[in-house]
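To start, the structure under review is shown below, and the notes come after it.
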Amino acid sequence: MEQPTTTSTPHSHSGSPSIGEPMTLRNDTAIEMQNLSAWYSKNQVLHAIDLDIAAKQVCAFIGPSGCGKSTLLRWLNRMNDTIPGARATGKIALHGVSLLDSALDVVDLRRRVGMVFQKPNPFPKSIFDNVAFGPRLHRIYSRTDLEELVEQSLRASALWDEVKDRLTSSALGLSGGQQQRLCIARAIAVGPELLLMDEPCSALDPRSTASIEELIRELRATYTIVIVTHNMQQASRVSDSTAFFYEGKLVETGPTDVLFTTPKERRTEDYVTGRFG
Amino acid sequence: MTSIAARTAAEISQRGRIRSAAFQGFFEGSIKATLIALTLLSVLTTVVIIAVLVEETIGFFTMADHPEISLWSFFTGTEWSPLLGAKPLFGVLPLISGTLLVTAIAGIFAMPVGLLTAVFLSEYASPRTRSILKSVLEVLAGVPTVVYGFFALTFITPYLLQPLSSSFGTYNAMGAGIAVGIMILPIVCSLSEDALRTVPQSLRDGAYALGATKFDVTAKVVIPAGLSGVVAAFLLALTRAIGETMIVALAAGGLAQLTVNPSQQVQTMTAYMVQIFLGDAPAAGVEYRSSYAVAFTLFLITFIMTWTGAIILKRYREEYE
Ligand SMILES: Nc1ncnc2c1ncn2[C@@H]1O[C@H](COP(=O)(O)OP(=O)(O)OP(=O)(O)O)[C@@H](O)[C@H]1O
Ligand SMILES: [Mg+2]
């Protein structure tokens, strides 16, 4: 895999190594899941998942439609709380903090875990106000540096040059790919350590997809990224490790190149070579 | 035998199909003609109404035995006393101010209450609570307005207003305004709720994922995104309030005066018209004609409001497209 290129970052987290630090730190575990099961009402959709995700790497979730990838992703920022009847048992820890704890402050969690959706969903506000939404919400800026924070976030999502002259115009006037990068900037602006992306390119044309993929490779230097994708080439292009799910179970996980070239499981091989799914 | 029978049957059904195709064409054609005729009917009705209004209004301003009546004296005059014997005065401002006062009171009451109820229904209420509340609102929307007028006279004024201040008379702008407000509440509420519910779930999810609370999502995403619909709901409801007749005829009083004091009685444009048409004003007389001038003024006001609303909405949409 290629070295991540440098990227500007609006925030530095305590405990998160900056770009120049040794490679060994990149193998820290960001997320640990143990015996994670999840239900929608009585319907169990995840079965006893054990999975570790390394910090500052890109992890791809792959698997056929309905196998539970989005569900798993949405437990990582507790977005499933908004769905009546959704529940989970087992353990998820983000840098040691237990996420399924009922006392957990989800507002704080979602500040630390950004999410990018399948369809770009910018707010019907100006480009500036979209990026400033999170910082304003959490009041994590002093009035003077909000502009700087917005600029840094837009630079980090490789959108700055395209929008710097029209920050006050509506975000809905951007192209689909630009909107998706805006949503990434919006997520970055609150200073997360983990970015969740649920099929972020599936609504985009090939050129926009290429620019998002390049962006993901750049962001890897700063953030831990989990990406759900149906596109095997995309998984192999952007991810360091891959987890293959089938009917709510984790079938196999490992470094992406290994999983794609010499999978241990027959079903993984069938899936990555396109024989089913 | 069987083959002949089968062929005949086939021929008949063939012919039947041809005939039914022709019939079908005729049928479609006559449906279209009927629809066009009905559309023309409603256009024609509108044209006739406006023509009558304009004609009678011109008649009012050009009455030979009342040379003192002019557009200027009508629109700037501060005294409206058409029935006072020898020297009637036709300055429409007191009627306009009475109408606007009652409408403003109704709006001040109904807009916040209606919007907050809509927010509750669309963002907070469980499906069960929502369906119960919505049927209550439907009942409210079905109450005849004369009942609201009655309610203002027999409940709002004596039990809510008069205990607060002895300055409230039996007839007053406040009681009528509140009753009109209750009457337009279902309009504000259900149209605003529609506007809020059409805000895509993906926007709410986007905000939640940034760490927004339910309140943040509602106040900073859903309401701004649904604002155009909410503004449209307000305008429609206010237009409805301006045109409301029965409540104000019953509860606002019959004295046209230029005042902003809500404890006073006022006469609205609509209430004046009722007074004239229910009274024994002679059909060619000046009072009778004056009500057409008032009606035309009312029409202009609501027309301008609707038009302004359309412009606001268009601007707003352009901004976000
Ligand atoms: N809100 C919900 N309520 C009830 N069941 C749900 C809900 N969301 C998903 N499910 C069910 O949970 C299972 C897993 O869904 P999930 O969306 O996690 O799959 P996925 O792997 O992301 O699929 P896709 O690739 O199509 O996005 C499916 O059977 C789905 O029908
Ligand atoms: Mg999914």
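By convention here, the chains of the structure tokens are called A, B, ... in the order presented, each chain's residues are numbered starting at 1, and ligands are numbered starting at 1 in the order presented.
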Quick one: which chain A residues come within 12 Å of ligand 1, and what is the nearest atom pair for each with the distance in Å to one decimal, counting only C-alpha atoms and all ligand atoms, rows ordered by chain and ascending number, as JSON lines?
{"residue": "A:Ser37", "atom": "CA", "partner": "ligand 1", "partner_atom_place_in_ligand_line": "14 (C)", "distance": 11.9}
{"residue": "A:Ala38", "atom": "CA", "partner": "ligand 1", "partner_atom_place_in_ligand_line": "12 (O)", "distance": 9.1}
{"residue": "A:Trp39", "atom": "CA", "partner": "ligand 1", "partner_atom_place_in_ligand_line": "12 (O)", "distance": 7.8}
{"residue": "A:Tyr40", "atom": "CA", "partner": "ligand 1", "partner_atom_place_in_ligand_line": "4 (C)", "distance": 4.9}
{"residue": "A:Ser41", "atom": "CA", "partner": "ligand 1", "partner_atom_place_in_ligand_line": "4 (C)", "distance": 7.2}
{"residue": "A:Lys42", "atom": "CA", "partner": "ligand 1", "partner_atom_place_in_ligand_line": "4 (C)", "distance": 9.3}
{"residue": "A:Asn43", "atom": "CA", "partner": "ligand 1", "partner_atom_place_in_ligand_line": "5 (N)", "distance": 7.3}
{"residue": "A:Gln44", "atom": "CA", "partner": "ligand 1", "partner_atom_place_in_ligand_line": "12 (O)", "distance": 7.8}
{"residue": "A:Val45", "atom": "CA", "partner": "ligand 1", "partner_atom_place_in_ligand_line": "13 (C)", "distance": 5.2}
{"residue": "A:Leu46", "atom": "CA", "partner": "ligand 1", "partner_atom_place_in_ligand_line": "14 (C)", "distance": 7.8}
{"residue": "A:His47", "atom": "CA", "partner": "ligand 1", "partner_atom_place_in_ligand_line": "14 (C)", "distance": 11.3}
{"residue": "A:Phe61", "atom": "CA", "partner": "ligand 1", "partner_atom_place_in_ligand_line": "21 (O)", "distance": 8.7}
{"residue": "A:Ile62", "atom": "CA", "partner": "ligand 1", "partner_atom_place_in_ligand_line": "21 (O)", "distance": 7.9}
{"residue": "A:Gly63", "atom": "CA", "partner": "ligand 1", "partner_atom_place_in_ligand_line": "21 (O)", "distance": 6.5}
{"residue": "A:Pro64", "atom": "CA", "partner": "ligand 1", "partner_atom_place_in_ligand_line": "25 (O)", "distance": 5.9}
{"residue": "A:Ser65", "atom": "CA", "partner": "ligand 1", "partner_atom_place_in_ligand_line": "25 (O)", "distance": 3.5}
{"residue": "A:Gly66", "atom": "CA", "partner": "ligand 1", "partner_atom_place_in_ligand_line": "19 (O)", "distance": 3.5}
{"residue": "A:Cys67", "atom": "CA", "partner": "ligand 1", "partner_atom_place_in_ligand_line": "21 (O)", "distance": 4.0}
{"residue": "A:Gly68", "atom": "CA", "partner": "ligand 1", "partner_atom_place_in_ligand_line": "18 (O)", "distance": 3.2}
{"residue": "A:Lys69", "atom": "CA", "partner": "ligand 1", "partner_atom_place_in_ligand_line": "21 (O)", "distance": 3.8}
{"residue": "A:Ser70", "atom": "CA", "partner": "ligand 1", "partner_atom_place_in_ligand_line": "22 (O)", "distance": 3.6}
{"residue": "A:Thr71", "atom": "CA", "partner": "ligand 1", "partner_atom_place_in_ligand_line": "18 (O)", "distance": 3.6}
{"residue": "A:Leu72", "atom": "CA", "partner": "ligand 1", "partner_atom_place_in_ligand_line": "18 (O)", "distance": 6.5}
{"residue": "A:Leu73", "atom": "CA", "partner": "ligand 1", "partner_atom_place_in_ligand_line": "18 (O)", "distance": 8.0}
{"residue": "A:Arg74", "atom": "CA", "partner": "ligand 1", "partner_atom_place_in_ligand_line": "18 (O)", "distance": 8.3}
{"residue": "A:Trp75", "atom": "CA", "partner": "ligand 1", "partner_atom_place_in_ligand_line": "18 (O)", "distance": 10.0}
{"residue": "A:Met79", "atom": "CA", "partner": "ligand 1", "partner_atom_place_in_ligand_line": "1 (N)", "distance": 10.6}
{"residue": "A:Asn80", "atom": "CA", "partner": "ligand 1", "partner_atom_place_in_ligand_line": "1 (N)", "distance": 8.0}
{"residue": "A:Asp81", "atom": "CA", "partner": "ligand 1", "partner_atom_place_in_ligand_line": "1 (N)", "distance": 10.4}
{"residue": "A:Thr82", "atom": "CA", "partner": "ligand 1", "partner_atom_place_in_ligand_line": "1 (N)", "distance": 9.2}
{"residue": "A:Ile83", "atom": "CA", "partner": "ligand 1", "partner_atom_place_in_ligand_line": "1 (N)", "distance": 6.0}
{"residue": "A:Pro84", "atom": "CA", "partner": "ligand 1", "partner_atom_place_in_ligand_line": "1 (N)", "distance": 8.0}
{"residue": "A:Gly85", "atom": "CA", "partner": "ligand 1", "partner_atom_place_in_ligand_line": "3 (N)", "distance": 7.7}
{"residue": "A:Ala86", "atom": "CA", "partner": "ligand 1", "partner_atom_place_in_ligand_line": "3 (N)", "distance": 7.3}
{"residue": "A:Arg87", "atom": "CA", "partner": "ligand 1", "partner_atom_place_in_ligand_line": "3 (N)", "distance": 10.8}
{"residue": "A:Phe117", "atom": "CA", "partner": "ligand 1", "partner_atom_place_in_ligand_line": "27 (O)", "distance": 10.9}
{"residue": "A:Gln118", "atom": "CA", "partner": "ligand 1", "partner_atom_place_in_ligand_line": "27 (O)", "distance": 9.0}
{"residue": "A:Lys119", "atom": "CA", "partner": "ligand 1", "partner_atom_place_in_ligand_line": "27 (O)", "distance": 11.9}
{"residue": "A:Met197", "atom": "CA", "partner": "ligand 1", "partner_atom_place_in_ligand_line": "22 (O)", "distance": 11.3}
{"residue": "A:Asp198", "atom": "CA", "partner": "ligand 1", "partner_atom_place_in_ligand_line": "27 (O)", "distance": 7.9}
{"residue": "A:Glu199", "atom": "CA", "partner": "ligand 1", "partner_atom_place_in_ligand_line": "27 (O)", "distance": 7.8}
{"residue": "A:Pro200", "atom": "CA", "partner": "ligand 1", "partner_atom_place_in_ligand_line": "27 (O)", "distance": 11.3}
{"residue": "A:Ser202", "atom": "CA", "partner": "ligand 1", "partner_atom_place_in_ligand_line": "27 (O)", "distance": 10.5}
{"residue": "A:Ile227", "atom": "CA", "partner": "ligand 1", "partner_atom_place_in_ligand_line": "22 (O)", "distance": 11.2}
{"residue": "A:Val228", "atom": "CA", "partner": "ligand 1", "partner_atom_place_in_ligand_line": "22 (O)", "distance": 7.8}
{"residue": "A:Thr229", "atom": "CA", "partner": "ligand 1", "partner_atom_place_in_ligand_line": "25 (O)", "distance": 7.7}
{"residue": "A:His230", "atom": "CA", "partner": "ligand 1", "partner_atom_place_in_ligand_line": "25 (O)", "distance": 6.9}
{"residue": "A:Asn231", "atom": "CA", "partner": "ligand 1", "partner_atom_place_in_ligand_line": "25 (O)", "distance": 10.6}
{"residue": "A:Ala243", "atom": "CA", "partner": "ligand 1", "partner_atom_place_in_ligand_line": "21 (O)", "distance": 12.0}
{"residue": "A:Phe244", "atom": "CA", "partner": "ligand 1", "partner_atom_place_in_ligand_line": "21 (O)", "distance": 10.4}
{"residue": "A:Phe245", "atom": "CA", "partner": "ligand 1", "partner_atom_place_in_ligand_line": "21 (O)", "distance": 8.0}
{"residue": "A:Tyr246", "atom": "CA", "partner": "ligand 1", "partner_atom_place_in_ligand_line": "21 (O)", "distance": 8.5}
{"residue": "A:Glu247", "atom": "CA", "partner": "ligand 1", "partner_atom_place_in_ligand_line": "14 (C)", "distance": 8.2}
{"residue": "A:Gly248", "atom": "CA", "partner": "ligand 1", "partner_atom_place_in_ligand_line": "14 (C)", "distance": 7.3}
{"residue": "A:Lys249", "atom": "CA", "partner": "ligand 1", "partner_atom_place_in_ligand_line": "21 (O)", "distance": 10.7}
{"residue": "A:Leu250", "atom": "CA", "partner": "ligand 1", "partner_atom_place_in_ligand_line": "21 (O)", "distance": 11.5}
{"residue": "A:Gly277", "atom": "CA", "partner": "ligand 1", "partner_atom_place_in_ligand_line": "25 (O)", "distance": 9.8}
If you count only C-alpha atoms, which residues fall within 7 Å of A:Gly114, apart from same-chain ones fewer than 5 positions away, as a PDB file with C-alpha atoms, in the first residue's frame?
ATOM      1  CA  ALA A 187     -17.729  15.436   9.963  1.00  0.00           C
ATOM      2  CA  ILE A 188     -14.045  16.365  10.246  1.00  0.00           C
ATOM      3  CA  PRO A 192     -13.426  13.036  15.359  1.00  0.00           C
ATOM      4  CA  LEU A 194     -12.955   7.693  13.840  1.00  0.00           C
ATOM      5  CA  LEU A 195     -14.789   8.183  10.549  1.00  0.00           C
ATOM      6  CA  LEU A 196     -17.572   5.830   9.514  1.00  0.00           C
TER       7      LEU A 196
ATOM      8  CA  ALA B 209     -24.359  11.913  13.606  1.00  0.00           C
ATOM      9  CA  LEU B 210     -22.652  15.215  14.418  1.00  0.00           C
TER      10      LEU B 210
END
Using only C-alpha atoms, which chain A residues lie at most 7 Å away from chain B, written as a ChimeraX atom specification?
/A:79,107-108,110-111,114-115,121,123-124,134,137,170,172-173,187
Taking all heavy atoms for each residue, export the selection above as a compact mmCIF listing (two decimals), in the first residue's frame.
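Printed below is selection.txt as written:
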# COMPACT_ATOMS: atom_id res chain seq x y z
N MET A 79 -25.90 5.29 16.35
CA MET A 79 -26.98 5.85 15.55
C MET A 79 -28.23 4.99 15.66
O MET A 79 -29.34 5.44 15.44
CB MET A 79 -26.58 5.97 14.08
CG MET A 79 -25.84 7.24 13.74
SD MET A 79 -26.80 8.73 14.06
CE MET A 79 -27.76 8.83 12.56
N VAL A 107 -23.81 12.18 22.75
CA VAL A 107 -23.43 13.43 22.09
C VAL A 107 -21.91 13.51 21.98
O VAL A 107 -21.34 13.81 20.93
CB VAL A 107 -24.00 14.64 22.85
CG1 VAL A 107 -23.38 15.93 22.38
CG2 VAL A 107 -25.51 14.69 22.68
N ASP A 108 -21.26 13.18 23.09
CA ASP A 108 -19.80 13.21 23.10
C ASP A 108 -19.23 12.14 22.17
O ASP A 108 -18.28 12.37 21.43
CB ASP A 108 -19.31 13.01 24.54
CG ASP A 108 -17.81 13.17 24.63
OD1 ASP A 108 -17.32 14.23 24.18
OD2 ASP A 108 -17.14 12.24 25.10
N ARG A 110 -20.57 10.91 19.49
CA ARG A 110 -20.73 11.27 18.07
C ARG A 110 -19.82 12.42 17.68
O ARG A 110 -19.60 12.65 16.50
CB ARG A 110 -22.20 11.58 17.78
CG ARG A 110 -23.05 10.31 17.84
CD ARG A 110 -24.51 10.59 17.67
NE ARG A 110 -25.29 9.39 18.00
CZ ARG A 110 -26.56 9.43 18.33
NH1 ARG A 110 -27.21 10.58 18.39
NH2 ARG A 110 -27.20 8.31 18.61
N ARG A 111 -19.32 13.15 18.65
CA ARG A 111 -18.28 14.13 18.34
C ARG A 111 -16.98 13.43 17.99
O ARG A 111 -16.20 13.90 17.20
CB ARG A 111 -18.05 15.01 19.56
CG ARG A 111 -18.45 16.44 19.36
CD ARG A 111 -18.10 17.22 20.58
NE ARG A 111 -16.66 17.50 20.63
CZ ARG A 111 -16.11 18.18 21.62
NH1 ARG A 111 -16.85 18.63 22.61
NH2 ARG A 111 -14.83 18.41 21.62
N GLY A 114 -17.23 10.43 13.48
CA GLY A 114 -17.96 11.09 12.40
C GLY A 114 -18.59 10.07 11.49
O GLY A 114 -18.14 8.92 11.41
N MET A 115 -19.67 10.46 10.80
CA MET A 115 -20.31 9.51 9.91
C MET A 115 -20.64 10.15 8.57
O MET A 115 -21.11 11.29 8.50
CB MET A 115 -21.60 8.98 10.55
CG MET A 115 -22.23 7.85 9.75
SD MET A 115 -23.50 7.02 10.72
CE MET A 115 -23.29 5.33 10.20
N ASN A 121 -25.80 14.18 2.19
CA ASN A 121 -26.94 14.84 2.85
C ASN A 121 -26.57 16.18 3.44
O ASN A 121 -26.73 16.40 4.64
CB ASN A 121 -27.55 13.92 3.92
CG ASN A 121 -26.54 13.53 4.98
OD1 ASN A 121 -25.35 13.77 4.83
ND2 ASN A 121 -27.00 12.96 6.06
N PHE A 123 -26.91 19.94 4.64
CA PHE A 123 -28.06 20.71 5.09
C PHE A 123 -28.37 21.79 4.05
O PHE A 123 -27.46 22.28 3.40
CB PHE A 123 -27.77 21.37 6.44
CG PHE A 123 -27.40 20.40 7.52
CD1 PHE A 123 -26.25 20.57 8.27
CD2 PHE A 123 -28.20 19.29 7.78
CE1 PHE A 123 -25.91 19.68 9.27
CE2 PHE A 123 -27.86 18.39 8.78
CZ PHE A 123 -26.72 18.58 9.51
N PRO A 124 -29.64 22.18 3.92
CA PRO A 124 -29.95 23.27 2.99
C PRO A 124 -29.51 24.61 3.57
O PRO A 124 -30.32 25.47 3.87
CB PRO A 124 -31.48 23.18 2.84
CG PRO A 124 -31.94 22.46 4.04
CD PRO A 124 -30.83 21.57 4.51
N GLY A 134 -21.34 21.61 13.17
CA GLY A 134 -20.88 20.82 14.32
C GLY A 134 -20.14 21.67 15.34
O GLY A 134 -20.47 21.65 16.54
N LEU A 137 -22.48 23.73 17.23
CA LEU A 137 -23.29 22.89 18.11
C LEU A 137 -22.56 22.64 19.42
O LEU A 137 -23.13 22.71 20.50
CB LEU A 137 -23.51 21.57 17.38
CG LEU A 137 -24.68 20.69 17.68
CD1 LEU A 137 -25.96 21.45 17.43
CD2 LEU A 137 -24.62 19.47 16.76
N SER A 170 -25.37 28.28 -1.40
CA SER A 170 -25.99 27.07 -0.86
C SER A 170 -25.20 25.81 -1.19
O SER A 170 -24.72 25.64 -2.31
CB SER A 170 -27.41 26.93 -1.42
OG SER A 170 -27.91 25.65 -1.10
N LEU A 172 -26.44 23.06 -1.65
CA LEU A 172 -27.20 22.22 -2.57
C LEU A 172 -26.82 22.50 -4.02
O LEU A 172 -27.20 21.76 -4.92
CB LEU A 172 -28.71 22.43 -2.38
CG LEU A 172 -29.22 22.15 -0.96
CD1 LEU A 172 -30.73 22.23 -0.91
CD2 LEU A 172 -28.76 20.78 -0.48
N GLY A 173 -26.06 23.59 -4.24
CA GLY A 173 -25.61 23.89 -5.60
C GLY A 173 -24.37 23.12 -6.01
O GLY A 173 -23.93 23.20 -7.15
N ALA A 187 -18.03 16.41 8.91
CA ALA A 187 -17.73 15.44 9.96
C ALA A 187 -16.36 15.73 10.59
O ALA A 187 -16.19 15.62 11.81
CB ALA A 187 -17.75 14.02 9.38
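Using only C-alpha atoms, the protein and nucleic acid residues lying no more than 8 Å from B:Leu313, apart from those fewer than 6 places from it along its own chain, are B:Ser228, B:Val231, B:Ala232.
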Stretch 148-253 of chain A: which residues are helix (DSSP H, G or I) by DSSP, as a VMD selection string?
chain A and resid 148 to 156 160 to 163 171 to 173 176 to 188 206 to 219 232 to 238
At what distance in Å, to one decimal, does atom CA of B:Phe303 lie from atom CA of B:Asp194?
24.2 Å
Which of stretch 31-112 of chain A fall in strand (DSSP E or B), as a PyMOL selection string:
chain A and resi 31-40+43-54+58-62+86-94+97-98
One-decimal distance in Å that lies between atom CA of B:Thr99 and atom CA of B:Ser166:
23.4 Å
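Minimum atom-to-atom distances from B:Ala21, B:Ala195, B:Ala64, B:Met269 to B:Leu255 were compared using only C-alpha atoms, and the lowest value belongs to B:Met269.
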Surrounding residues of B:Met174 excluding itself and chain neighbours under 4 positions, 10 Å, only C-alpha atoms, as a ChimeraX atom specification:
/B:101-102,104-106,152,156-157,161,168,178-180,251-252,261-266
Tell me, in Å to one decimal, how far atom CA of B:Thr308 is from atom CA of B:Leu191.
18.3 Å
